[in-house]
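A.B. asks: What follows is the file start-v5.json, containing JSON, C-alpha atoms:
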```json
[["chain", "number", "residue", "atom", "x", "y", "z"],
["A", 1204, "MET", "CA", -105.04, -24.07, -8.33],
["A", 1205, "THR", "CA", -104.44, -22.88, -11.88],
["A", 1206, "ASN", "CA", -108.07, -21.96, -12.20],
["A", 1207, "LYS", "CA", -107.97, -19.94, -9.03],
["A", 1208, "ASP", "CA", -104.81, -18.17, -10.14],
["A", 1209, "ALA", "CA", -106.41, -17.26, -13.43],
["A", 1210, "GLU", "CA", -109.47, -15.93, -11.66],
["A", 1211, "LYS", "CA", -107.32, -13.90, -9.34],
["A", 1212, "LYS", "CA", -105.44, -12.42, -12.27],
["A", 1213, "ASP", "CA", -108.67, -11.51, -13.99],
["A", 1214, "GLY", "CA", -109.91, -9.93, -10.81],
["A", 1215, "GLN", "CA", -106.76, -7.89, -10.42],
["A", 1216, "GLU", "CA", -106.97, -6.66, -13.97],
["A", 1217, "GLU", "CA", -110.57, -5.61, -13.41],
["A", 1218, "GLN", "CA", -109.52, -3.87, -10.26],
["A", 1219, "GLU", "CA", -106.84, -1.93, -12.09],
["A", 1220, "GLU", "CA", -109.29, -0.95, -14.78],
["A", 1221, "GLN", "CA", -111.78, 0.37, -12.31],
["A", 1222, "SER", "CA", -109.66, 2.26, -9.86],
["A", 1223, "GLY", "CA", -106.83, 4.71, -10.07],
["A", 1224, "PRO", "CA", -106.23, 7.69, -12.31],
["A", 1225, "SER", "CA", -105.56, 5.57, -15.42],
["A", 1226, "SER", "CA", -109.26, 4.96, -16.07],
["A", 1227, "LEU", "CA", -109.93, 8.67, -15.67],
["A", 1228, "VAL", "CA", -107.18, 9.53, -18.13],
["A", 1229, "GLN", "CA", -108.54, 6.92, -20.52],
["A", 1230, "LYS", "CA", -111.99, 8.45, -20.33],
["A", 1231, "ILE", "CA", -110.65, 11.96, -21.00],
["A", 1232, "GLN", "CA", -108.57, 10.68, -23.92],
["A", 1233, "ALA", "CA", -111.42, 8.73, -25.41],
["A", 1234, "LEU", "CA", -114.33, 11.05, -24.82],
["A", 1235, "GLY", "CA", -112.87, 14.41, -23.89],
["A", 1236, "GLN", "CA", -114.76, 14.42, -20.62],
["A", 1237, "THR", "CA", -114.63, 12.63, -17.30],
["A", 1238, "ASN", "CA", -118.28, 11.82, -16.94],
["A", 1239, "VAL", "CA", -119.73, 9.46, -19.46],
["A", 1240, "PRO", "CA", -123.39, 10.27, -19.99],
["A", 1241, "GLN", "CA", -125.49, 7.67, -18.25],
["A", 1242, "ALA", "CA", -128.77, 6.28, -19.41],
["A", 1243, "PRO", "CA", -131.65, 8.25, -17.87],
["A", 1244, "ASP", "CA", -132.83, 6.95, -14.52],
["A", 1245, "SER", "CA", -135.50, 4.35, -14.93],
["A", 1246, "ASN", "CA", -138.91, 5.34, -13.60],
["A", 1247, "VAL", "CA", -139.84, 1.69, -13.23],
["A", 1248, "HIS", "CA", -137.93, -0.32, -10.69],
["A", 1249, "VAL", "CA", -137.59, -4.09, -10.56],
["A", 1250, "LEU", "CA", -137.81, -6.30, -7.51],
["A", 1251, "SER", "CA", -136.79, -9.89, -8.10],
["A", 1252, "ILE", "CA", -137.89, -12.62, -5.74],
["A", 1253, "ILE", "CA", -135.81, -15.64, -6.60],
["A", 1254, "GLY", "CA", -135.08, -18.97, -4.96],
["A", 1255, "GLN", "CA", -136.46, -19.53, -1.50],
["A", 1256, "VAL", "CA", -138.16, -16.82, 0.49],
["A", 1257, "GLU", "CA", -135.95, -16.71, 3.57],
["A", 1258, "GLY", "CA", -137.55, -15.70, 6.83],
["A", 1259, "HIS", "CA", -136.67, -16.33, 10.43],
["A", 1260, "ILE", "CA", -134.12, -19.06, 9.80],
["A", 1261, "GLN", "CA", -130.97, -18.38, 7.82],
["A", 1262, "LEU", "CA", -130.41, -21.02, 5.17],
["A", 1263, "PRO", "CA", -126.97, -22.35, 4.25],
["A", 1264, "PRO", "CA", -125.24, -20.19, 1.62],
["A", 1265, "GLN", "CA", -125.52, -22.81, -1.15],
["A", 1266, "ASN", "CA", -129.27, -22.12, -1.22],
["A", 1267, "LYS", "CA", -130.43, -19.38, -3.50],
["A", 1268, "THR", "CA", -132.60, -17.21, -1.30],
["A", 1269, "THR", "CA", -134.37, -13.89, -1.20],
["A", 1270, "LYS", "CA", -134.08, -12.38, 2.24],
["A", 1271, "TYR", "CA", -137.24, -10.51, 3.14],
["A", 1272, "GLU", "CA", -135.42, -8.16, 5.51],
["A", 1273, "HIS", "CA", -133.54, -6.83, 2.46],
["A", 1274, "LEU", "CA", -136.66, -6.32, 0.39],
["A", 1275, "LEU", "CA", -138.78, -4.50, 2.97],
["A", 1276, "PRO", "CA", -136.51, -1.39, 3.17],
["A", 1277, "GLN", "CA", -136.24, -1.40, -0.62],
["A", 1278, "LEU", "CA", -140.02, -1.26, -0.87],
["A", 1279, "ILE", "CA", -140.09, 1.70, 1.53],
["A", 1280, "ALA", "CA", -137.38, 3.39, -0.56],
["A", 1281, "ILE", "CA", -139.48, 2.85, -3.68],
["A", 1282, "GLU", "CA", -142.53, 4.33, -1.95],
["A", 1283, "GLN", "CA", -140.58, 7.40, -0.86],
["A", 1284, "ASN", "CA", -138.63, 8.13, -4.04],
["A", 1285, "PRO", "CA", -140.71, 10.49, -6.22],
["A", 1286, "LYS", "CA", -138.67, 9.53, -9.31],
["A", 1287, "ILE", "CA", -139.89, 5.94, -9.14],
["A", 1288, "GLU", "CA", -143.34, 5.68, -10.68],
["A", 1289, "GLY", "CA", -143.89, 1.94, -10.77],
["A", 1290, "VAL", "CA", -142.54, -1.43, -9.69],
["A", 1291, "ILE", "CA", -142.31, -4.73, -11.53],
["A", 1292, "ILE", "CA", -142.03, -7.85, -9.37],
["A", 1293, "LEU", "CA", -140.19, -10.77, -10.99],
["A", 1294, "LEU", "CA", -141.05, -14.07, -9.38],
["A", 1295, "ASN", "CA", -139.29, -17.39, -9.68],
["A", 1296, "THR", "CA", -139.59, -18.93, -6.27],
["A", 1297, "VAL", "CA", -140.12, -22.34, -4.73],
["A", 1298, "GLY", "CA", -141.82, -20.79, -1.72],
["A", 1299, "GLY", "CA", -140.47, -20.53, 1.79],
["A", 1300, "ASP", "CA", -141.30, -18.90, 5.08],
["A", 1301, "VAL", "CA", -145.03, -18.18, 5.36],
["A", 1302, "GLU", "CA", -144.72, -15.09, 7.53],
["A", 1303, "ALA", "CA", -141.89, -13.60, 5.48],
["A", 1304, "GLY", "CA", -143.89, -14.20, 2.31],
["A", 1305, "LEU", "CA", -147.03, -12.69, 3.78],
["A", 1306, "ALA", "CA", -145.02, -9.69, 5.02],
["A", 1307, "LEU", "CA", -143.72, -9.12, 1.49],
["A", 1308, "SER", "CA", -147.19, -9.57, -0.01],
["A", 1309, "GLU", "CA", -148.76, -7.07, 2.37],
["A", 1310, "MET", "CA", -145.97, -4.56, 1.71],
["A", 1311, "ILE", "CA", -146.41, -4.85, -2.05],
["A", 1312, "ALA", "CA", -150.21, -4.67, -1.76],
["A", 1313, "SER", "CA", -150.04, -1.50, 0.34],
["A", 1314, "LEU", "CA", -147.66, 0.41, -1.98],
["A", 1315, "SER", "CA", -149.30, 3.52, -3.43],
["A", 1316, "LYS", "CA", -147.37, 3.16, -6.70],
["A", 1317, "PRO", "CA", -148.52, 0.90, -9.54],
["A", 1318, "THR", "CA", -147.23, -2.66, -9.24],
["A", 1319, "VAL", "CA", -147.18, -5.47, -11.81],
["A", 1320, "SER", "CA", -145.88, -8.98, -11.26],
["A", 1321, "ILE", "CA", -144.56, -11.54, -13.71],
["A", 1322, "VAL", "CA", -144.39, -15.20, -12.69],
["A", 1323, "LEU", "CA", -141.48, -16.82, -14.54],
["A", 1324, "GLY", "CA", -140.61, -20.47, -14.20],
["A", 1325, "GLY", "CA", -142.36, -21.04, -10.91],
["A", 1326, "GLY", "CA", -144.27, -19.19, -8.26],
["A", 1327, "HIS", "CA", -144.93, -21.96, -5.80],
["A", 1328, "SER", "CA", -146.49, -22.05, -2.34],
["A", 1329, "ILE", "CA", -145.92, -18.66, -0.71],
["A", 1330, "GLY", "CA", -145.07, -17.29, -4.18],
["A", 1331, "VAL", "CA", -148.83, -17.37, -4.89],
["A", 1332, "PRO", "CA", -149.80, -14.57, -2.43],
["A", 1333, "ILE", "CA", -146.78, -12.53, -3.58],
["A", 1334, "ALA", "CA", -147.85, -12.92, -7.22],
["A", 1335, "VAL", "CA", -151.42, -11.79, -6.57],
["A", 1336, "SER", "CA", -150.46, -8.92, -4.23],
["A", 1337, "THR", "CA", -149.75, -6.57, -7.16],
["A", 1338, "ASP", "CA", -152.26, -4.39, -9.02],
["A", 1339, "TYR", "CA", -152.00, -6.65, -12.05],
["A", 1340, "SER", "CA", -150.35, -10.04, -12.44],
["A", 1341, "PHE", "CA", -148.89, -11.83, -15.43],
["A", 1342, "ILE", "CA", -147.73, -15.39, -15.85],
["A", 1343, "VAL", "CA", -145.65, -16.72, -18.72],
["A", 1344, "PRO", "CA", -147.27, -19.73, -20.42],
["A", 1345, "THR", "CA", -144.57, -22.14, -19.22],
["A", 1346, "ALA", "CA", -144.62, -21.06, -15.57],
["A", 1347, "THR", "CA", -146.29, -23.13, -12.88],
["A", 1348, "MET", "CA", -147.68, -22.42, -9.45],
["A", 1349, "THR", "CA", -148.02, -25.16, -6.85],
["A", 1350, "ILE", "CA", -150.87, -24.66, -4.41],
["A", 1351, "HIS", "CA", -150.67, -26.89, -1.35],
["A", 1352, "PRO", "CA", -151.39, -26.81, 2.39],
["A", 1353, "VAL", "CA", -148.97, -25.09, 4.77],
["A", 1354, "ARG", "CA", -146.34, -27.32, 6.38],
["A", 1355, "LEU", "CA", -144.19, -27.12, 9.47],
["A", 1356, "THR", "CA", -140.56, -28.14, 9.78],
["A", 1357, "GLY", "CA", -138.40, -28.51, 12.86],
["A", 1358, "LEU", "CA", -139.66, -29.32, 16.31],
["A", 1359, "VAL", "CA", -143.43, -29.78, 16.33],
["A", 1360, "ILE", "CA", -145.24, -30.21, 19.61],
["A", 1361, "GLY", "CA", -147.86, -32.91, 19.20],
["A", 1362, "VAL", "CA", -150.85, -31.15, 20.70],
["A", 1363, "PRO", "CA", -154.17, -30.18, 19.07],
["A", 1364, "GLN", "CA", -153.19, -26.50, 19.42],
["A", 1365, "THR", "CA", -150.41, -27.03, 16.89],
["A", 1366, "PHE", "CA", -152.98, -28.08, 14.32],
["A", 1367, "GLU", "CA", -155.16, -25.06, 15.12],
["A", 1368, "TYR", "CA", -152.15, -22.78, 14.75],
["A", 1369, "LEU", "CA", -151.33, -24.36, 11.40],
["A", 1370, "ASP", "CA", -154.93, -24.07, 10.29],
["A", 1371, "LYS", "CA", -155.07, -20.38, 11.19],
["A", 1372, "MET", "CA", -151.82, -19.72, 9.35],
["A", 1373, "GLN", "CA", -153.28, -21.41, 6.30],
["A", 1374, "GLU", "CA", -156.46, -19.37, 6.63],
["A", 1375, "ARG", "CA", -154.38, -16.19, 6.48],
["A", 1376, "VAL", "CA", -152.77, -17.31, 3.21],
["A", 1377, "ILE", "CA", -156.14, -18.29, 1.71],
["A", 1378, "ASN", "CA", -157.76, -15.01, 2.76],
["A", 1379, "PHE", "CA", -154.96, -12.95, 1.28],
["A", 1380, "VAL", "CA", -155.09, -14.77, -2.08],
["A", 1381, "VAL", "CA", -158.90, -14.62, -2.27],
["A", 1382, "ASN", "CA", -158.94, -10.90, -1.41],
["A", 1383, "HIS", "CA", -156.26, -9.97, -3.95],
["A", 1384, "SER", "CA", -157.25, -12.11, -6.93],
["A", 1385, "ASN", "CA", -160.40, -13.17, -8.76],
["A", 1386, "ILE", "CA", -160.31, -16.77, -7.56],
["A", 1387, "LYS", "CA", -163.21, -18.00, -5.42],
["A", 1388, "GLU", "CA", -162.39, -19.34, -1.98],
["A", 1389, "GLU", "CA", -163.98, -22.73, -2.71],
["A", 1390, "LYS", "CA", -161.98, -23.11, -5.91],
["A", 1391, "PHE", "CA", -158.72, -22.21, -4.21],
["A", 1392, "LYS", "CA", -159.38, -24.66, -1.39],
["A", 1393, "ASP", "CA", -160.32, -27.35, -3.93],
["A", 1394, "LEU", "CA", -156.96, -26.85, -5.64],
["A", 1395, "MET", "CA", -155.13, -26.78, -2.33],
["A", 1396, "PHE", "CA", -156.58, -30.04, -1.03],
["A", 1397, "ALA", "CA", -156.81, -31.94, -4.31],
["A", 1398, "LYS", "CA", -155.49, -35.49, -4.27],
["A", 1399, "GLY", "CA", -153.67, -37.31, -7.02],
["A", 1400, "ASN", "CA", -152.20, -34.29, -8.79],
["A", 1401, "LEU", "CA", -148.88, -34.16, -7.01],
["A", 1402, "THR", "CA", -146.87, -37.30, -6.37],
["A", 1403, "ARG", "CA", -147.09, -38.26, -2.70],
["A", 1404, "ASP", "CA", -148.65, -34.93, -1.79],
["A", 1405, "ILE", "CA", -151.86, -32.95, -1.54],
["A", 1406, "GLY", "CA", -152.31, -29.96, -3.80],
["A", 1407, "THR", "CA", -152.31, -28.89, -7.44],
["A", 1408, "ASN", "CA", -149.68, -27.73, -9.84],
["A", 1409, "VAL", "CA", -151.33, -24.95, -11.85],
["A", 1410, "ILE", "CA", -149.78, -24.10, -15.22],
["A", 1411, "GLY", "CA", -149.76, -20.58, -16.75],
["A", 1412, "THR", "CA", -152.98, -20.60, -18.76],
["A", 1413, "ASP", "CA", -154.87, -22.56, -16.07],
["A", 1414, "ALA", "CA", -153.90, -20.01, -13.41],
["A", 1415, "VAL", "CA", -155.55, -17.33, -15.56],
["A", 1416, "GLU", "CA", -158.59, -19.54, -16.15],
["A", 1417, "TYR", "CA", -159.07, -20.03, -12.38],
["A", 1418, "GLY", "CA", -158.85, -16.28, -11.84],
["A", 1419, "LEU", "CA", -155.69, -16.57, -9.78],
["A", 1420, "ILE", "CA", -153.57, -14.52, -12.21],
["A", 1421, "ASP", "CA", -154.92, -11.72, -14.41],
["A", 1422, "GLU", "CA", -153.28, -12.48, -17.75],
["A", 1423, "VAL", "CA", -150.81, -14.67, -19.61],
["A", 1424, "GLY", "CA", -147.89, -12.55, -20.72],
["A", 1425, "GLY", "CA", -144.25, -11.63, -20.28],
["A", 1426, "VAL", "CA", -142.05, -8.56, -20.12],
["A", 1427, "LYS", "CA", -143.63, -6.72, -23.03],
["A", 1428, "GLU", "CA", -147.18, -7.01, -21.68],
["A", 1429, "ALA", "CA", -146.03, -6.11, -18.17],
["A", 1430, "MET", "CA", -144.23, -2.97, -19.40],
["A", 1431, "ILE", "CA", -147.29, -1.88, -21.40],
["A", 1432, "LYS", "CA", -149.50, -2.43, -18.36],
["A", 1433, "ILE", "CA", -147.25, -0.58, -15.91],
["A", 1434, "ASN", "CA", -146.93, 2.36, -18.28],
["A", 1435, "GLU", "CA", -150.71, 2.42, -18.59],
["A", 1436, "TYR", "CA", -151.02, 2.56, -14.82],
["A", 1437, "ILE", "CA", -148.36, 5.29, -14.58],
["A", 1438, "ALA", "CA", -150.19, 7.34, -17.20],
["A", 1439, "GLN", "CA", -153.43, 6.84, -15.29],
["A", 1440, "ALA", "CA", -151.79, 7.91, -12.05],
["A", 1441, "LYS", "CA", -150.53, 11.06, -13.72],
["A", 1442, "GLY", "CA", -154.04, 11.72, -14.88],
["A", 1443, "ASN", "CA", -153.16, 12.62, -18.44],
["A", 1444, "GLY", "CA", -154.31, 9.32, -19.91],
["A", 1445, "GLU", "CA", -151.45, 9.36, -22.37],
["A", 1446, "GLN", "CA", -149.19, 6.41, -22.94],
["A", 1447, "GLU", "CA", -145.68, 7.02, -21.64],
["A", 1448, "VAL", "CA", -142.73, 6.31, -23.90],
["A", 1449, "ILE", "CA", -141.10, 3.06, -22.88],
["A", 1450, "GLN", "CA", -137.46, 3.67, -22.10],
["B", 1037, "MET", "CA", -123.52, -44.78, 2.48],
["B", 1038, "ILE", "CA", -127.22, -44.74, 1.81],
["B", 1039, "LEU", "CA", -129.50, -42.69, 4.03],
["B", 1040, "TYR", "CA", -133.24, -43.23, 4.17],
["B", 1041, "THR", "CA", -134.71, -40.55, 6.40],
["B", 1042, "PRO", "CA", -137.34, -37.81, 6.42],
["B", 1043, "LEU", "CA", -134.75, -35.33, 7.76],
["B", 1044, "SER", "CA", -133.29, -32.76, 5.44],
["B", 1045, "GLU", "CA", -129.69, -33.05, 4.33],
["B", 1046, "SER", "CA", -128.60, -30.04, 6.35],
["B", 1047, "ASP", "CA", -129.95, -31.62, 9.55],
["B", 1048, "ILE", "CA", -127.68, -34.61, 9.11],
["B", 1049, "PHE", "CA", -124.65, -32.85, 7.67],
["B", 1050, "PRO", "CA", -124.48, -29.40, 9.26],
["B", 1051, "THR", "CA", -123.05, -26.69, 7.04],
["B", 1052, "ALA", "CA", -119.52, -25.63, 7.83],
["B", 1053, "GLU", "CA", -119.47, -22.48, 9.93],
["B", 1054, "ASN", "CA", -117.03, -20.65, 7.61],
["B", 1055, "LEU", "CA", -119.54, -20.82, 4.76],
["B", 1056, "TYR", "CA", -121.74, -18.46, 6.74],
["B", 1057, "THR", "CA", -118.96, -16.15, 7.93],
["B", 1058, "ASN", "CA", -117.28, -15.85, 4.53],
["B", 1059, "ARG", "CA", -120.36, -14.34, 2.97],
["B", 1060, "GLN", "CA", -121.35, -10.87, 4.07],
["B", 1061, "CYS", "CA", -123.88, -8.27, 3.13],
["B", 1062, "ILE", "CA", -122.20, -4.87, 2.86],
["B", 1063, "THR", "CA", -122.85, -1.44, 1.40],
["B", 1064, "TYR", "CA", -120.44, -0.73, -1.43],
["B", 1065, "GLU", "CA", -120.54, 2.69, -3.11],
["B", 1066, "GLY", "CA", -124.04, 3.21, -1.80],
["B", 1067, "LYS", "CA", -125.42, -0.10, -3.05],
["B", 1068, "THR", "CA", -126.14, -3.14, -0.94],
["B", 1069, "VAL", "CA", -124.12, -6.08, -2.21],
["B", 1070, "PHE", "CA", -123.29, -9.59, -1.12],
["B", 1071, "VAL", "CA", -119.58, -10.30, -0.99],
["B", 1072, "GLU", "CA", -117.64, -13.47, -0.35],
["B", 1073, "LYS", "CA", -114.14, -13.61, 1.03],
["B", 1074, "ASN", "CA", -112.02, -15.78, -1.25],
["B", 1075, "SER", "CA", -109.00, -17.86, -0.29],
["B", 1076, "SER", "CA", -106.60, -14.94, -0.82],
["B", 1077, "GLY", "CA", -108.56, -12.67, 1.51],
["B", 1078, "GLU", "CA", -110.09, -10.50, -1.18],
["B", 1079, "TYR", "CA", -113.78, -9.71, -1.26],
["B", 1080, "GLN", "CA", -115.55, -10.84, -4.38],
["B", 1081, "LEU", "CA", -118.97, -9.52, -5.33],
["B", 1082, "VAL", "CA", -121.58, -12.29, -5.36],
["B", 1083, "GLN", "CA", -124.86, -10.47, -5.80],
["B", 1084, "LEU", "CA", -126.13, -6.94, -6.15],
["B", 1085, "LEU", "CA", -129.30, -6.02, -4.30],
["B", 1086, "SER", "CA", -130.96, -3.15, -6.06],
["B", 1087, "THR", "CA", -134.33, -2.36, -7.52],
["B", 1088, "ASP", "CA", -132.88, 0.01, -10.11],
["B", 1089, "PRO", "CA", -132.50, -1.92, -13.39],
["B", 1090, "GLN", "CA", -129.76, 0.50, -14.52],
["B", 1091, "ASP", "CA", -127.48, -0.65, -11.70],
["B", 1092, "TYR", "CA", -127.29, -4.07, -13.29],
["B", 1093, "LEU", "CA", -125.77, -2.51, -16.41],
["B", 1094, "ASN", "CA", -123.00, -0.93, -14.36],
["B", 1095, "ASN", "CA", -119.69, -2.77, -14.80],
["B", 1096, "MET", "CA", -118.74, -2.00, -11.23],
["B", 1097, "TYR", "CA", -121.41, -4.35, -9.89],
["B", 1098, "THR", "CA", -120.85, -7.30, -12.21],
["B", 1099, "PRO", "CA", -120.88, -10.49, -10.14],
["B", 1100, "GLY", "CA", -117.35, -11.80, -9.67],
["B", 1101, "THR", "CA", -115.79, -8.35, -9.42],
["B", 1102, "ILE", "CA", -113.08, -8.16, -6.78],
["B", 1103, "LEU", "CA", -113.69, -5.12, -4.62],
["B", 1104, "PRO", "CA", -110.79, -2.68, -4.25],
["B", 1105, "ASN", "CA", -109.37, -2.81, -0.74],
["B", 1106, "ASN", "CA", -109.87, 0.81, 0.25],
["B", 1107, "ASN", "CA", -113.61, 0.75, -0.28],
["B", 1108, "ARG", "CA", -114.38, -2.20, 1.92]]
```
Rewrite the structure of this file - the entire thing - as structure tokens.

C.D. replies:
Amino acid sequence: MTNKDAEKKDGQEEQEEQSGPSSLVQKIQALGQTNVPQAPDSNVHVLSIIGQVEGHIQLPPQNKTTKYEHLLPQLIAIEQNPKIEGVIILLNTVGGDVEAGLALSEMIASLSKPTVSIVLGGGHSIGVPIAVSTDYSFIVPTATMTIHPVRLTGLVIGVPQTFEYLDKMQERVINFVVNHSNIKEEKFKDLMFAKGNLTRDIGTNVIGTDAVEYGLIDEVGGVKEAMIKINEYIAQAKGNGEQEVIQ
Amino acid sequence: MILYTPLSESDIFPTAENLYTNRQCITYEGKTVFVEKNSSGEYQLVQLLSTDPQDYLNNMYTPGTILPNNNR
């Protein structure tokens, strides 16, 4: 109870700070003006895909999820806003809904603006197509990507058609990854169906540098490298070939 | 109690309905945010959904902020 009360008090104080004429008066007293100059609008926007990729089924609130229906309109907004010149995708996901993930990947791949992804921590399962959907992909050395066959949860009808459906779904994922990265189809399938790498499961856990070696990801790097790359792309798109100043 | 089953935890212990209804996705001052209704009926900001990195520097959208009533 005491904790809650304290939180409530804090909240109320924040509320008072934010609203009402007092904050306005404070601003005028402190700065002689009502509008505090803001940092210039960023020309590079950031889309973070964290936790599970949530698709058709809503997960309980204790799960950390990225809802694809929230990201799709944001991607359209990015495409339409002339002030936004590039997008960085931050990935730390355990995977999730195949169709939601593929929808996101296709949206990112079909953006006209330069896109760069950074895989941080993990980009597992359906995170793989999302990571490779960008123009250029980075992975930090400590990040991992688990490549494994598609699975079904819930009610599964035990008929051969179910297997065919699953196989086709998997084929879509494989095709997307092969088309958007430098990995060969055979290599990707080898990794996907490898035995003995994961405990009690089929697949491979690919670590940062290995992902680059296999051609899945373009380069090992973090924020700095990604910012340099996106600014290069923006400069290219503008056609002046000059490096933009990083804000 | 020990359970040994291939089912997921949420299949055996369904999540309480109010956990879903307490959390809402709303538009606050032009930004899409996730809010959660706390025990005293106030809406507390849980997560900001924005692609603009500058929005995350704005104090107004710090997670945990209690939203003023008139803007809900």

A.B. asks: So the first atom is atom CA of A:Leu1294 and the second is atom CA of A:Thr1347; what is the distance between them in Å, to one decimal place?

C.D. replies: 11.0 Å

A.B. asks: Figure out the distance between atom CA of A:Ile1321 and atom CA of A:Met1395, please, to one decimal in Å.

C.D. replies: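 Computing the Euclidean distance for atom CA of A:Met1395 and atom CA of A:Ile1321 yields 21.8 Å.
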
A.B. asks: What is the atom CA of A:Thr1349 to atom CA of A:Ile1431 distance in Å?

C.D. replies: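 Between atom CA of A:Thr1349 and atom CA of A:Ile1431 the gap is 27.5 Å.
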
A.B. asks: Would you mind telling me which residue in A:Leu1419, A:Gln1261, A:Asp1404, A:Asp1413 lies nearest to A:Glu1388 when using only C-alpha atoms?

C.D. replies: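 The closest residue to A:Glu1388 is A:Leu1419.
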
A.B. asks: Nearest to chain B among A:Pro1263, A:Pro1363, A:Pro1317, A:Gly1411, with distances taken over only C-alpha atoms: which residue is it?

C.D. replies: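 Among the listed residues, A:Pro1263 lies closest to chain B.
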
A.B. asks: What lies within 12 Å of A:Gly1325 using only C-alpha atoms, ignoring chain neighbours under 5 positions off, as an mmCIF file with C-alpha atoms, keeping the file's coordinate frame?

C.D. replies:
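Result went into selection.cif, see below:
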```
data_model
loop_
_atom_site.group_PDB
_atom_site.id
_atom_site.type_symbol
_atom_site.label_atom_id
_atom_site.label_comp_id
_atom_site.auth_asym_id
_atom_site.auth_seq_id
_atom_site.Cartn_x
_atom_site.Cartn_y
_atom_site.Cartn_z
ATOM 1 C CA ILE A 1252 -137.890 -12.620 -5.740
ATOM 2 C CA ILE A 1253 -135.810 -15.640 -6.600
ATOM 3 C CA GLY A 1254 -135.080 -18.970 -4.960
ATOM 4 C CA GLN A 1255 -136.460 -19.530 -1.500
ATOM 5 C CA LEU A 1293 -140.190 -10.770 -10.990
ATOM 6 C CA LEU A 1294 -141.050 -14.070 -9.380
ATOM 7 C CA ASN A 1295 -139.290 -17.390 -9.680
ATOM 8 C CA THR A 1296 -139.590 -18.930 -6.270
ATOM 9 C CA VAL A 1297 -140.120 -22.340 -4.730
ATOM 10 C CA GLY A 1298 -141.820 -20.790 -1.720
ATOM 11 C CA GLY A 1330 -145.070 -17.290 -4.180
ATOM 12 C CA VAL A 1331 -148.830 -17.370 -4.890
ATOM 13 C CA ALA A 1334 -147.850 -12.920 -7.220
ATOM 14 C CA ILE A 1342 -147.730 -15.390 -15.850
ATOM 15 C CA VAL A 1343 -145.650 -16.720 -18.720
ATOM 16 C CA PRO A 1344 -147.270 -19.730 -20.420
ATOM 17 C CA THR A 1345 -144.570 -22.140 -19.220
ATOM 18 C CA ALA A 1346 -144.620 -21.060 -15.570
ATOM 19 C CA THR A 1347 -146.290 -23.130 -12.880
ATOM 20 C CA MET A 1348 -147.680 -22.420 -9.450
ATOM 21 C CA THR A 1349 -148.020 -25.160 -6.850
ATOM 22 C CA ILE A 1350 -150.870 -24.660 -4.410
ATOM 23 C CA ASN A 1408 -149.680 -27.730 -9.840
ATOM 24 C CA VAL A 1409 -151.330 -24.950 -11.850
ATOM 25 C CA ILE A 1410 -149.780 -24.100 -15.220
ATOM 26 C CA GLY A 1411 -149.760 -20.580 -16.750
ATOM 27 C CA ALA A 1414 -153.900 -20.010 -13.410
#
```

A.B. asks: Show me, as an MDAnalysis selection string, the residues of chain B whose atoms get within 8 Å of chain A, using all atoms listed in the file for the distance check.

C.D. replies: chainID B and resid 1051 1055:1056 1059 1086:1090 1096 1100:1104

A.B. asks: Leaving out B:Cys1061 and any residue of its chain fewer than 6 positions from it, which residues lie within 8 Å of it when counting all atoms listed in the file, given as a PyMOL selection string?

C.D. replies: chain B and resi 1068-1071

A.B. asks: Find the residue from B:Phe1049, B:Asn1058, B:Asn1094, B:Thr1041 that sits nearest to B:Ser1076; use all atoms listed in the file when measuring.

C.D. replies: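 Ranked by minimum distance to B:Ser1076, first place goes to B:Asn1058.
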
A.B. asks: Using only C-alpha atoms, can you list as an MDAnalysis selection string the residues within 7 Å of (-152.0, -28.7, 2.6)?

C.D. replies: chainID A and resid 1351:1354 1395:1396 1405:1406

A.B. asks: Hey, can you spit out that residue selection with C-alpha atoms as a compact mmCIF listing (two decimals), in the frame of the given file?

C.D. replies:
```txt
# COMPACT_ATOMS: atom_id res chain seq x y z
CA HIS A 1351 -150.67 -26.89 -1.35
CA PRO A 1352 -151.39 -26.81 2.39
CA VAL A 1353 -148.97 -25.09 4.77
CA ARG A 1354 -146.34 -27.32 6.38
CA MET A 1395 -155.13 -26.78 -2.33
CA PHE A 1396 -156.58 -30.04 -1.03
CA ILE A 1405 -151.86 -32.95 -1.54
CA GLY A 1406 -152.31 -29.96 -3.80
```

A.B. asks: Of the candidates A:Gly1425, A:Gly1399, A:Gly1258, A:Pro1276, which shows the shortest atom-to-atom distance to A:Leu1305, using all atoms listed in the file?

C.D. replies: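 For A:Leu1305, the nearest of the given residues is A:Gly1258.
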
A.B. asks: Tell me which protein, DNA and RNA residues are within 10 Å of B:Thr1098, counting only C-alpha atoms, leaving out same-chain ones fewer than 4 positions away, and put them as a list in words.

C.D. replies: Leu1081, Val1082, Gln1083, Leu1084, Asp1091, Tyr1092, Leu1093, Asn1094 and Ile1102 of chain B
